[in-house]
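J.: Next up, start.cif (mmCIF, C-alpha atoms (C1' of nucleotides)).
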```cif
data_query
loop_
_atom_site.label_atom_id
_atom_site.label_comp_id
_atom_site.auth_asym_id
_atom_site.auth_seq_id
_atom_site.Cartn_x
_atom_site.Cartn_y
_atom_site.Cartn_z
CA MET A 1 0.00 0.00 0.00
CA SER A 2 1.34 3.42 -0.91
CA SER A 3 2.25 5.93 1.75
CA ARG A 4 -0.52 8.15 0.52
CA GLU A 5 -3.15 5.49 1.06
CA THR A 6 -1.69 4.61 4.44
CA LEU A 7 -1.88 8.23 5.50
CA ALA A 8 -5.43 8.69 4.25
CA GLU A 9 -6.56 5.58 6.04
CA ALA A 10 -4.88 6.54 9.30
CA ALA A 11 -6.36 10.02 9.06
CA CYS A 12 -9.90 8.77 8.52
CA GLU A 13 -9.59 6.35 11.42
CA LEU A 14 -8.43 9.08 13.76
CA PHE A 15 -11.05 11.54 12.55
CA LEU A 16 -13.70 8.98 13.41
CA GLU A 17 -12.14 8.10 16.77
CA ARG A 18 -11.29 11.54 18.16
CA GLY A 19 -12.74 14.02 15.73
CA TYR A 20 -11.07 16.19 13.15
CA ASP A 21 -9.93 19.05 15.34
CA ALA A 22 -8.52 16.78 18.02
CA THR A 23 -6.39 14.96 15.44
CA SER A 24 -3.10 16.62 14.62
CA VAL A 25 -1.00 15.97 11.56
CA ALA A 26 1.60 14.46 13.88
CA ASP A 27 -1.02 12.01 15.14
CA ILE A 28 -1.79 10.92 11.61
CA THR A 29 1.81 10.37 10.61
CA GLN A 30 2.53 8.56 13.85
CA ARG A 31 -0.25 6.06 13.25
CA ALA A 32 0.74 5.71 9.62
CA GLY A 33 4.32 5.04 10.66
CA VAL A 34 5.89 7.80 8.59
CA SER A 35 7.47 11.11 9.44
CA ARG A 36 5.52 14.30 9.72
CA SER A 37 7.42 15.70 6.76
CA SER A 38 6.10 12.94 4.55
CA PHE A 39 2.52 13.98 5.12
CA PHE A 40 3.01 17.17 3.16
CA ASN A 41 4.61 15.26 0.32
CA TYR A 42 1.22 13.71 -0.34
CA PHE A 43 -1.31 16.23 0.93
CA SER A 44 -1.16 19.97 0.78
CA SER A 45 -3.01 20.36 4.07
CA LYS A 46 -4.84 18.38 6.71
CA SER A 47 -8.19 18.97 5.07
CA ASP A 48 -6.73 17.93 1.73
CA VAL A 49 -7.04 14.34 2.91
CA LEU A 50 -10.77 14.73 2.68
CA TRP A 51 -11.03 17.00 -0.34
CA SER A 52 -8.27 16.05 -2.76
CA GLY A 53 -10.52 13.64 -4.63
CA LEU A 54 -13.26 16.17 -5.30
CA ASP A 55 -10.75 18.94 -5.89
CA ALA A 56 -9.12 16.99 -8.69
CA ARG A 57 -12.51 16.43 -10.28
CA ILE A 58 -13.30 20.13 -10.00
CA VAL A 59 -10.00 20.98 -11.66
CA ARG A 60 -10.83 18.69 -14.57
CA ALA A 61 -14.31 20.15 -14.77
CA THR A 62 -12.90 23.65 -14.84
CA GLU A 63 -10.64 22.72 -17.75
CA SER A 64 -13.58 21.19 -19.57
CA LEU A 65 -15.64 24.31 -19.01
CA ILE A 66 -12.86 26.50 -20.37
CA ALA A 67 -12.57 24.22 -23.38
CA LEU A 68 -16.24 24.82 -24.13
CA GLY A 69 -15.33 28.36 -25.08
CA SER A 70 -18.15 30.61 -26.18
CA GLY A 71 -20.14 27.71 -27.55
CA GLY A 72 -21.09 26.21 -24.22
CA ASP A 73 -24.79 25.95 -23.55
CA GLY A 74 -26.56 24.76 -20.44
CA ALA A 75 -26.67 21.15 -21.59
CA ALA A 76 -22.92 21.05 -22.11
CA VAL A 77 -22.34 22.45 -18.63
CA ARG A 78 -24.67 19.94 -17.09
CA ALA A 79 -22.82 17.15 -18.84
CA VAL A 80 -19.56 18.37 -17.32
CA LEU A 81 -21.14 18.46 -13.89
CA ARG A 82 -22.43 14.93 -14.20
CA GLU A 83 -18.89 13.75 -14.76
CA VAL A 84 -17.76 15.40 -11.55
CA VAL A 85 -19.93 13.14 -9.43
CA ALA A 86 -19.71 10.02 -11.58
CA ASP A 87 -18.17 7.01 -9.80
CA PHE A 88 -17.44 9.04 -6.72
CA ALA A 89 -18.09 6.20 -4.33
CA PRO A 90 -15.00 5.19 -2.33
CA ASP A 91 -13.71 8.57 -1.20
CA PRO A 92 -12.71 9.98 2.18
CA LEU A 93 -15.08 12.88 1.55
CA ALA A 94 -18.04 10.54 1.23
CA LEU A 95 -17.05 9.01 4.54
CA ALA A 96 -16.75 12.43 6.11
CA LEU A 97 -20.12 13.58 4.81
CA ARG A 98 -21.74 10.47 6.22
CA ASN A 99 -20.07 10.79 9.63
CA ARG A 100 -19.69 14.50 9.89
CA SER A 101 -21.12 14.77 13.39
CA ALA A 102 -18.98 11.93 14.71
CA MET A 103 -15.95 13.59 13.24
CA GLY A 104 -16.92 16.93 14.71
CA LEU A 105 -16.83 18.30 11.22
CA ASP A 106 -19.98 20.37 11.04
CA GLU A 107 -18.18 23.67 11.22
CA GLU A 108 -15.20 22.55 9.20
CA LEU A 109 -17.35 21.16 6.40
CA ILE A 110 -19.25 24.41 6.09
CA ARG A 111 -15.97 26.21 5.58
CA ASP A 112 -14.58 23.76 3.09
CA THR A 113 -17.72 23.13 1.08
CA GLY A 114 -18.01 26.88 0.76
CA VAL A 115 -14.59 27.08 -0.82
CA ARG A 116 -15.33 24.34 -3.32
CA GLN A 117 -18.79 25.61 -4.07
CA VAL A 118 -17.61 29.09 -4.85
CA ARG A 119 -14.68 27.75 -6.87
CA LEU A 120 -16.91 25.59 -9.01
CA ALA A 121 -19.48 28.36 -9.22
CA GLY A 122 -16.78 30.68 -10.53
CA ALA A 123 -15.83 28.27 -13.28
CA ILE A 124 -19.44 27.86 -14.36
CA SER A 125 -19.95 31.60 -14.14
CA ASP A 126 -16.96 32.20 -16.38
CA ALA A 127 -18.34 29.76 -18.91
CA ALA A 128 -21.71 31.48 -18.85
CA ARG A 129 -20.19 34.93 -19.13
CA SER A 130 -18.09 33.88 -22.10
CA THR A 131 -21.35 33.34 -23.95
CA GLY A 132 -22.25 36.97 -23.35
CA MET A 133 -24.27 36.62 -20.19
CA ASP A 134 -24.46 39.44 -17.67
CA GLU A 135 -21.93 39.23 -14.84
CA ILE A 136 -24.23 38.99 -11.86
CA ARG A 137 -26.67 36.70 -13.61
CA ALA A 138 -23.77 34.43 -14.53
CA ASP A 139 -22.69 34.35 -10.88
CA ILE A 140 -26.18 33.35 -9.81
CA ILE A 141 -26.41 30.60 -12.39
CA GLY A 142 -22.97 29.37 -11.43
CA ALA A 143 -23.85 29.33 -7.74
CA ALA A 144 -27.12 27.51 -8.39
CA HIS A 145 -25.43 24.79 -10.40
CA ALA A 146 -22.56 24.43 -7.94
CA ALA A 147 -25.01 24.20 -5.05
CA ALA A 148 -26.98 21.58 -6.91
CA LEU A 149 -23.84 19.50 -7.23
CA LEU A 150 -22.60 19.84 -3.66
CA SER A 151 -26.06 19.42 -2.20
CA SER A 152 -26.67 16.33 -4.30
CA LEU A 153 -23.39 14.90 -3.20
CA ARG A 154 -24.20 15.54 0.44
CA VAL A 155 -27.67 14.05 0.24
CA TRP A 156 -26.39 11.06 -1.68
CA ALA A 157 -23.56 10.46 0.80
CA GLU A 158 -25.89 10.72 3.77
CA HIS A 159 -28.24 8.10 2.34
CA GLY A 160 -25.47 5.63 1.68
CA ALA A 161 -26.03 3.91 -1.63
CA GLY A 162 -29.77 3.96 -1.05
CA PHE A 163 -30.25 6.63 -3.67
CA GLY A 164 -28.50 4.86 -6.48
CA ALA A 165 -25.77 6.69 -8.33
CA PRO A 166 -25.02 10.30 -7.42
CA GLU A 167 -25.62 11.27 -11.05
CA SER A 168 -29.29 10.50 -10.71
CA VAL A 169 -29.59 12.71 -7.64
CA LEU A 170 -27.79 15.47 -9.49
CA ASP A 171 -30.04 15.09 -12.52
CA GLY A 172 -33.06 15.72 -10.37
CA ALA A 173 -31.42 18.73 -8.79
CA LEU A 174 -30.40 20.26 -12.11
CA ARG A 175 -33.96 19.97 -13.33
CA ASP A 176 -34.95 22.26 -10.47
CA ILE A 177 -32.84 25.07 -11.85
CA GLY A 178 -34.50 27.07 -14.55
CA ASP A 179 -37.64 27.64 -12.60
CA LEU A 180 -36.75 28.98 -9.21
CA ASN A 181 -39.79 31.13 -8.80
CA TRP A 182 -40.49 31.72 -5.15
CA THR A 183 -43.39 34.03 -4.60
CA MET B 184 -10.52 56.63 18.65
CA SER B 185 -11.15 53.17 20.01
CA SER B 186 -8.50 50.50 19.88
CA ARG B 187 -10.68 48.52 17.55
CA GLU B 188 -10.85 51.33 15.04
CA THR B 189 -7.15 51.99 15.35
CA LEU B 190 -6.41 48.36 14.65
CA ALA B 191 -8.75 48.19 11.67
CA GLU B 192 -7.22 51.31 10.18
CA ALA B 193 -3.67 50.10 10.67
CA ALA B 194 -4.57 46.76 9.17
CA CYS B 195 -6.13 48.27 6.06
CA GLU B 196 -3.14 50.54 5.54
CA LEU B 197 -0.72 47.66 5.75
CA PHE B 198 -2.84 45.43 3.53
CA LEU B 199 -2.70 48.13 0.88
CA GLU B 200 1.00 48.78 1.31
CA ARG B 201 2.39 45.24 1.50
CA GLY B 202 -0.52 42.95 0.78
CA TYR B 203 -2.55 40.77 3.05
CA ASP B 204 -0.26 37.75 3.29
CA ALA B 205 2.85 39.82 3.88
CA THR B 206 1.19 41.57 6.82
CA SER B 207 1.35 39.72 10.10
CA VAL B 208 -0.84 40.35 13.11
CA ALA B 209 2.27 41.57 14.90
CA ASP B 210 2.77 44.17 12.15
CA ILE B 211 -0.74 45.43 12.61
CA THR B 212 -0.52 45.76 16.36
CA GLN B 213 2.87 47.40 16.11
CA ARG B 214 1.56 50.12 13.82
CA ALA B 215 -1.54 50.52 15.93
CA GLY B 216 0.63 50.89 19.02
CA VAL B 217 -0.96 48.12 21.03
CA SER B 218 0.18 44.70 22.07
CA ARG B 219 -0.34 41.65 19.95
CA SER B 220 -2.64 40.18 22.58
CA SER B 221 -5.02 43.10 22.24
CA PHE B 222 -5.68 42.29 18.62
CA PHE B 223 -7.59 39.17 19.55
CA ASN B 224 -9.64 41.08 22.08
CA TYR B 225 -11.25 42.89 19.17
CA PHE B 226 -10.99 40.52 16.22
CA SER B 227 -11.30 36.77 16.21
CA SER B 228 -8.80 36.40 13.38
CA LYS B 229 -6.78 38.40 10.91
CA SER B 230 -9.44 38.08 8.23
CA ASP B 231 -12.06 39.16 10.75
CA VAL B 232 -10.82 42.71 10.27
CA LEU B 233 -12.28 42.59 6.80
CA TRP B 234 -15.34 40.48 7.41
CA SER B 235 -16.69 41.34 10.87
CA GLY B 236 -19.03 43.98 9.45
CA LEU B 237 -20.69 41.70 6.95
CA ASP B 238 -20.62 38.78 9.37
CA ALA B 239 -22.62 40.74 11.92
CA ARG B 240 -25.17 41.61 9.25
CA ILE B 241 -25.41 37.97 8.23
CA VAL B 242 -25.98 36.97 11.84
CA ARG B 243 -28.82 39.46 12.11
CA ALA B 244 -30.25 38.26 8.80
CA THR B 245 -30.09 34.66 9.99
CA GLU B 246 -32.06 35.59 13.09
CA SER B 247 -34.62 37.40 10.99
CA LEU B 248 -34.96 34.42 8.70
CA ILE B 249 -35.50 32.12 11.65
CA ALA B 250 -38.10 34.51 12.99
CA LEU B 251 -40.02 34.21 9.75
CA GLY B 252 -40.89 30.66 10.72
CA SER B 253 -42.97 28.67 8.30
CA GLY B 254 -44.70 31.76 6.99
CA GLY B 255 -41.73 33.17 5.09
CA ASP B 256 -42.27 33.65 1.41
CA GLY B 257 -39.82 34.82 -1.22
CA ALA B 258 -40.69 38.47 -0.76
CA ALA B 259 -39.97 38.32 2.97
CA VAL B 260 -36.60 36.72 2.34
CA ARG B 261 -35.71 39.31 -0.26
CA ALA B 262 -36.58 42.04 2.23
CA VAL B 263 -34.20 40.53 4.76
CA LEU B 264 -31.45 40.37 2.16
CA ARG B 265 -31.93 44.02 1.23
CA GLU B 266 -31.26 44.96 4.82
CA VAL B 267 -27.96 43.08 4.76
CA VAL B 268 -26.52 45.38 2.14
CA ALA B 269 -28.26 48.58 3.20
CA ASP B 270 -25.89 51.39 4.23
CA PHE B 271 -22.89 49.18 3.83
CA ALA B 272 -20.63 51.90 2.57
CA PRO B 273 -17.72 52.61 4.94
CA ASP B 274 -16.48 49.13 5.59
CA PRO B 275 -13.05 47.48 5.37
CA LEU B 276 -14.60 44.79 3.19
CA ALA B 277 -15.70 47.33 0.61
CA LEU B 278 -12.17 48.66 0.55
CA ALA B 279 -10.78 45.16 0.16
CA LEU B 280 -13.17 44.31 -2.67
CA ARG B 281 -12.16 47.46 -4.49
CA ASN B 282 -8.43 46.88 -4.04
CA ARG B 283 -8.28 43.14 -3.95
CA SER B 284 -5.45 42.82 -6.44
CA ALA B 285 -3.33 45.47 -4.72
CA MET B 286 -3.86 43.67 -1.44
CA GLY B 287 -2.99 40.33 -3.02
CA LEU B 288 -6.35 39.10 -1.86
CA ASP B 289 -7.65 37.27 -4.90
CA GLU B 290 -7.13 33.83 -3.43
CA GLU B 291 -8.02 34.83 0.10
CA LEU B 292 -11.26 36.49 -0.94
CA ILE B 293 -12.38 33.41 -2.83
CA ARG B 294 -11.94 31.39 0.33
CA ASP B 295 -13.69 33.84 2.59
CA THR B 296 -16.55 34.79 0.31
CA GLY B 297 -17.20 31.08 -0.06
CA VAL B 298 -17.62 30.72 3.68
CA ARG B 299 -20.04 33.63 3.94
CA GLN B 300 -21.93 32.64 0.84
CA VAL B 301 -22.53 29.10 2.03
CA ARG B 302 -23.39 30.33 5.52
CA LEU B 303 -25.98 32.75 4.22
CA ALA B 304 -27.21 30.18 1.72
CA GLY B 305 -27.73 27.74 4.57
CA ALA B 306 -29.86 30.22 6.47
CA ILE B 307 -32.01 30.93 3.44
CA SER B 308 -32.22 27.23 2.68
CA ASP B 309 -33.43 26.55 6.21
CA ALA B 310 -36.11 29.19 5.83
CA ALA B 311 -37.23 27.70 2.54
CA ARG B 312 -37.25 24.18 3.90
CA SER B 313 -39.32 25.24 6.88
CA THR B 314 -42.08 26.08 4.41
CA GLY B 315 -42.04 22.49 3.21
CA MET B 316 -39.69 22.81 0.30
CA ASP B 317 -37.54 19.91 -0.83
CA GLU B 318 -34.05 19.82 0.67
CA ILE B 319 -31.95 20.05 -2.46
CA ARG B 320 -34.21 22.61 -4.09
CA ALA B 321 -34.01 24.72 -0.95
CA ASP B 322 -30.22 24.52 -1.09
CA ILE B 323 -30.25 25.71 -4.69
CA ILE B 324 -32.57 28.59 -3.94
CA GLY B 325 -30.47 29.53 -0.93
CA ALA B 326 -27.27 29.46 -2.94
CA ALA B 327 -28.79 31.51 -5.74
CA HIS B 328 -29.96 34.21 -3.36
CA ALA B 329 -26.69 34.26 -1.42
CA ALA B 330 -24.74 34.50 -4.65
CA ALA B 331 -26.94 37.34 -5.78
CA LEU B 332 -26.10 39.22 -2.60
CA LEU B 333 -22.36 38.62 -2.59
CA SER B 334 -22.05 39.21 -6.31
CA SER B 335 -24.02 42.44 -6.07
CA LEU B 336 -21.84 43.58 -3.23
CA ARG B 337 -18.71 42.83 -5.21
CA VAL B 338 -19.90 44.57 -8.36
CA TRP B 339 -21.11 47.54 -6.37
CA ALA B 340 -17.83 47.84 -4.48
CA GLU B 341 -15.78 47.59 -7.65
CA HIS B 342 -17.69 50.42 -9.27
CA GLY B 343 -17.27 52.73 -6.33
CA ALA B 344 -20.45 54.64 -5.69
CA GLY B 345 -21.11 54.85 -9.42
CA PHE B 346 -23.92 52.35 -9.15
CA GLY B 347 -25.90 54.12 -6.50
CA ALA B 348 -26.87 52.17 -3.41
CA PRO B 349 -26.04 48.47 -3.18
CA GLU B 350 -29.71 47.73 -2.63
CA SER B 351 -30.52 48.74 -6.18
CA VAL B 352 -27.85 46.40 -7.56
CA LEU B 353 -29.23 43.62 -5.40
CA ASP B 354 -32.77 44.30 -6.55
CA GLY B 355 -31.73 43.78 -10.13
CA ALA B 356 -29.93 40.59 -9.24
CA LEU B 357 -32.86 39.16 -7.29
CA ARG B 358 -35.12 39.77 -10.27
CA ASP B 359 -32.89 37.41 -12.23
CA ILE B 360 -33.70 34.53 -9.92
CA GLY B 361 -36.93 32.81 -10.76
CA ASP B 362 -36.11 32.37 -14.39
CA LEU B 363 -32.72 30.79 -14.70
CA ASN B 364 -33.47 28.84 -17.84
CA TRP B 365 -30.28 28.09 -19.69
CA THR B 366 -30.83 25.97 -22.73
"C1'" DT C 367 -9.21 58.03 48.43
"C1'" DG C 368 -10.21 53.49 47.80
"C1'" DA C 369 -12.52 49.57 45.75
"C1'" DG C 370 -14.00 47.30 42.00
"C1'" DT C 371 -14.33 46.64 37.10
"C1'" DA C 372 -12.71 46.80 32.44
"C1'" DA C 373 -8.88 47.11 29.37
"C1'" DT C 374 -4.41 45.71 28.30
"C1'" DT C 375 -0.34 43.17 28.44
"C1'" DG C 376 3.51 39.56 28.29
"C1'" DG C 377 4.38 35.17 27.69
"C1'" DA C 378 3.90 30.33 27.20
"C1'" DT C 379 1.78 26.85 24.39
"C1'" DG C 380 0.10 24.21 20.40
"C1'" DC C 381 -0.79 23.51 15.62
"C1'" DG C 382 -0.58 24.08 10.61
"C1'" DG C 383 2.38 24.77 7.05
"C1'" DT C 384 6.99 25.86 4.49
"C1'" DC C 385 11.58 25.06 3.51
"C1'" DT C 386 16.10 22.90 3.09
"C1'" DA C 387 19.69 19.83 3.36
"C1'" DA C 388 20.72 15.32 3.95
"C1'" DC C 389 19.93 10.39 3.70
"C1'" DA C 390 17.99 5.97 1.75
"C1'" DA C 391 16.19 3.22 -1.96
"C1'" DT C 392 15.23 2.16 -6.37
"C1'" DA C 393 15.78 1.95 -11.31
"C1'" DC C 394 18.55 2.52 -15.22
"C1'" DC C 395 22.52 2.28 -18.21
"C1'" DC C 396 27.09 0.91 -19.63
"C1'" DG D 397 28.30 -5.66 -11.10
"C1'" DG D 398 29.36 -0.61 -10.54
"C1'" DG D 399 28.24 3.94 -10.99
"C1'" DT D 400 24.60 7.21 -11.45
"C1'" DA D 401 20.38 9.75 -11.65
"C1'" DT D 402 15.92 9.80 -9.81
"C1'" DT D 403 12.65 9.32 -6.42
"C1'" DG D 404 11.07 8.78 -1.74
"C1'" DT D 405 11.84 9.87 3.01
"C1'" DT D 406 13.53 12.11 6.85
"C1'" DA D 407 14.95 15.44 10.67
"C1'" DG D 408 14.77 19.77 12.08
"C1'" DA D 409 14.56 24.62 11.98
"C1'" DC D 410 11.46 28.20 11.17
"C1'" DC D 411 7.28 31.27 10.91
"C1'" DG D 412 2.55 32.87 11.61
"C1'" DC D 413 -2.01 32.19 13.50
"C1'" DA D 414 -4.66 31.45 17.38
"C1'" DT D 415 -5.66 30.20 22.40
"C1'" DC D 416 -5.11 30.73 27.10
"C1'" DC D 417 -3.93 32.73 31.51
"C1'" DA D 418 -2.07 35.31 35.08
"C1'" DA D 419 -0.61 39.79 36.10
"C1'" DT D 420 -0.89 44.59 35.60
"C1'" DT D 421 -2.59 48.96 34.30
"C1'" DA D 422 -6.30 52.26 33.54
"C1'" DC D 423 -10.69 53.78 34.53
"C1'" DT D 424 -15.11 54.58 37.13
"C1'" DC D 425 -17.75 55.63 40.71
"C1'" DA D 426 -19.07 55.84 45.32
#
```
Show the structure stored in the file as structure tokens.

T.:
Amino acid sequence: MSSRETLAEAACELFLERGYDATSVADITQRAGVSRSSFFNYFSSKSDVLWSGLDARIVRATESLIALGSGGDGAAVRAVLREVVADFAPDPLALALRNRSAMGLDEELIRDTGVRQVRLAGAISDAARSTGMDEIRADIIGAAHAAALLSSLRVWAEHGAGFGAPESVLDGALRDIGDLNWT
Amino acid sequence: MSSRETLAEAACELFLERGYDATSVADITQRAGVSRSSFFNYFSSKSDVLWSGLDARIVRATESLIALGSGGDGAAVRAVLREVVADFAPDPLALALRNRSAMGLDEELIRDTGVRQVRLAGAISDAARSTGMDEIRADIIGAAHAAALLSSLRVWAEHGAGFGAPESVLDGALRDIGDLNWT
DNA sequence: TGAGTAATTGGATGCGGTCTAACAATACCC
DNA sequence: GGGTATTGTTAGACCGCATCCAATTACTCA
């Protein structure tokens, strides 16, 4: 098993046992049997253990959105978003979302989901604006789509595999956008 | 002048001169002529200098949204959001939004706006869900409204006072929600 | 003036994160 | 096999943010 996997596994164990805040990087490396320095060879931060999987998918999605250029319509964007959540299953983030109270992660997850949500929203907003859309409207559309993705992921992770694939949850969420009237 | 104001002023000066990252808390307190310990009597963190104003408004808005109970409709929520940006003018955050590149804040602001956006979105989502709305749909509506607010604030701050009051920018943005069709 | 309260301070402590120089292990090439 | 480049791993120093506390100063008011 690679050092990276060993570290991720040790980290998830400790997060579940003592909670996220009460687990230091030194604790993780000690259980994994490597030096503290090694941790940062594989993860850019403590929270990166949880988020690196989704972050990589968001990076790829951002590149895809840029590649759409000015010809990207809503359907193309939705297709990119579906790929972000496809085959997401065995990921530390899914574990964290399912056990967020046990890990004492409620506050931490709000922070970190916010970062990812606004990052993804920015990429979608850029794609929308490159088609000539107004700046603020593009931000709103970007935020709505990013929220649909993160919220779908959260709901899917909470329900275990009882909801089928995350794509299907996301599909339902994306259908909600486009008619957000709220009188 | 109160210590708090002195500290905020010194911080903003240094952020403009050297950038946010290159300014340590010790630098701020040194220029303000107080001890480093005092800083944390008035601000919970370095970034709190920029965000405490908006954070307090979001806290009040969250309380108002909770007070709406199950009778809150879209118009009531929009009224609460208008109050968040009303009379926002002389605030360190507005300064930071206007000079974010000079302060080297681009990355930092993405992080921090994400936190506030998702926090506000959560409060709106809770209000929507308390009226019986579906969980994911409520999240999307919350994110759209929160994005409208933060985006309006950003656009308004960037344009100086050339756009009139921030409420008017927000009003235009809120009108965009409700019809986010994107074929 | 004196007592009590609030403001302020120094300092120790812990943690996250960066950086560098050195050491070990592995693969590769002649 | 021997030498070499590359990669993985390590110790350790270093810095800044943030928390905590005990002590001290400044202020208020009777």

J.: Show me a table, sorted first by chain and then by increasing residue number, of the residues of chain B having an atom at most 12 Å from chain C, each with its shortest atom pair and the distance in Å to one decimal, counting all atoms listed in the file and written as a tab-separated table.

T.:
```
residue	atom	partner	partner_atom	distance
B:Ser185	CA	C:DA373	C1'	11.4
B:Ser186	CA	C:DA373	C1'	10.1
B:Gly216	CA	C:DT374	C1'	11.8
B:Val217	CA	C:DT374	C1'	8.4
B:Ser218	CA	C:DT375	C1'	6.6
B:Arg219	CA	C:DT375	C1'	8.6
B:Ser220	CA	C:DT375	C1'	7.0
B:Ser221	CA	C:DT374	C1'	6.6
B:Phe222	CA	C:DT374	C1'	10.3
B:Phe223	CA	C:DT374	C1'	11.4
B:Asn224	CA	C:DT374	C1'	9.4
B:Tyr225	CA	C:DA373	C1'	11.3
```

J.: What residues come out when you apply the PyMOL selection byres ((chain B) within 8 of (chain A)) to this file, written as JSON, numbers by chain?

T.: {"B": [256, 257, 258, 293, 294, 295, 296, 297, 298, 299, 300, 301, 302, 319, 320, 322, 323, 324, 326, 327, 328, 330, 331, 334, 335, 338, 356, 359, 360, 361, 362, 363, 364, 365, 366]}

J.: Tell me, counting all atoms listed in the file, for each residue of chain D within 9 Å of chain A, which pair of atoms is nearest and how far apart they are in Å to one decimal, in rows ordered by chain and increasing number, as a Markdown table.

T.:
```
| residue | atom | partner | partner_atom | distance |
| --- | --- | --- | --- | --- |
| D:DT405 | C1' | A:Ser38 | CA | 6.7 |
| D:DT406 | C1' | A:Ser35 | CA | 6.7 |
| D:DA407 | C1' | A:Ser37 | CA | 8.5 |
```

J.: In Å, rounded to a single decimal, give me how far CA of Ser207 (chain B) is from CA of Leu280 (chain B).

T.: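 Separation of CA of Leu280 (chain B) and CA of Ser207 (chain B): 19.9 Å.
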
J.: Mind working out the centre and edge lengths of an axis-aligned box for region 95-102 of chain A, all listed atoms inside, 3 Å added to each side, rounded to one decimal in Å and written as lines of an AutoDock Vina configuration file?

T.:
```
center_x = -19.2
center_y = 11.9
center_z = 9.6
size_x = 11.0
size_y = 11.8
size_z = 16.2
```

J.: As an exercise, work out the distance from CA of Tyr203 (chain B) to CA of Glu188 (chain B) in Å and give it to one decimal place.

T.: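 CA of Tyr203 (chain B) sits 18.0 Å away from CA of Glu188 (chain B).
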
J.: Quick one: which residues end up in the PyMOL selection byres ((chain B and resi 192) around 12) for this structure, as a PyMOL selection string?

T.: chain B and resi 184-191+193-199+211-212+214-216+232-233+273-275+278

J.: What's the separation between CA of Leu120 (chain A) and CA of Ile58 (chain A), in Å to one decimal place?

T.: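 One can read the CA of Leu120 (chain A) to CA of Ile58 (chain A) distance as 6.6 Å.
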
J.: Which polymer residues have any atom within 12 Å of an atom of Ala250 (chain B), counting only C-alpha atoms (C1' of nucleotides), with same-chain residues fewer than 3 positions away left out, as a list of chain:residue names?

T.: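 Listed by chain and then number, they are B:Arg243, B:Ala244, B:Thr245, B:Glu246, B:Ser247, B:Ser253, B:Gly254, B:Gly255, B:Ala259, B:Val260, B:Val263, B:Ala306, B:Ile307, B:Asp309, B:Ala310, B:Ser313.
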
J.: Can you translate the PyMOL selection byres ((chain D and resi 414) around 8) into the concrete residues it hits in this file, as a PyMOL selection string?

T.: (chain B and resi 228) or (chain D and resi 413+415)
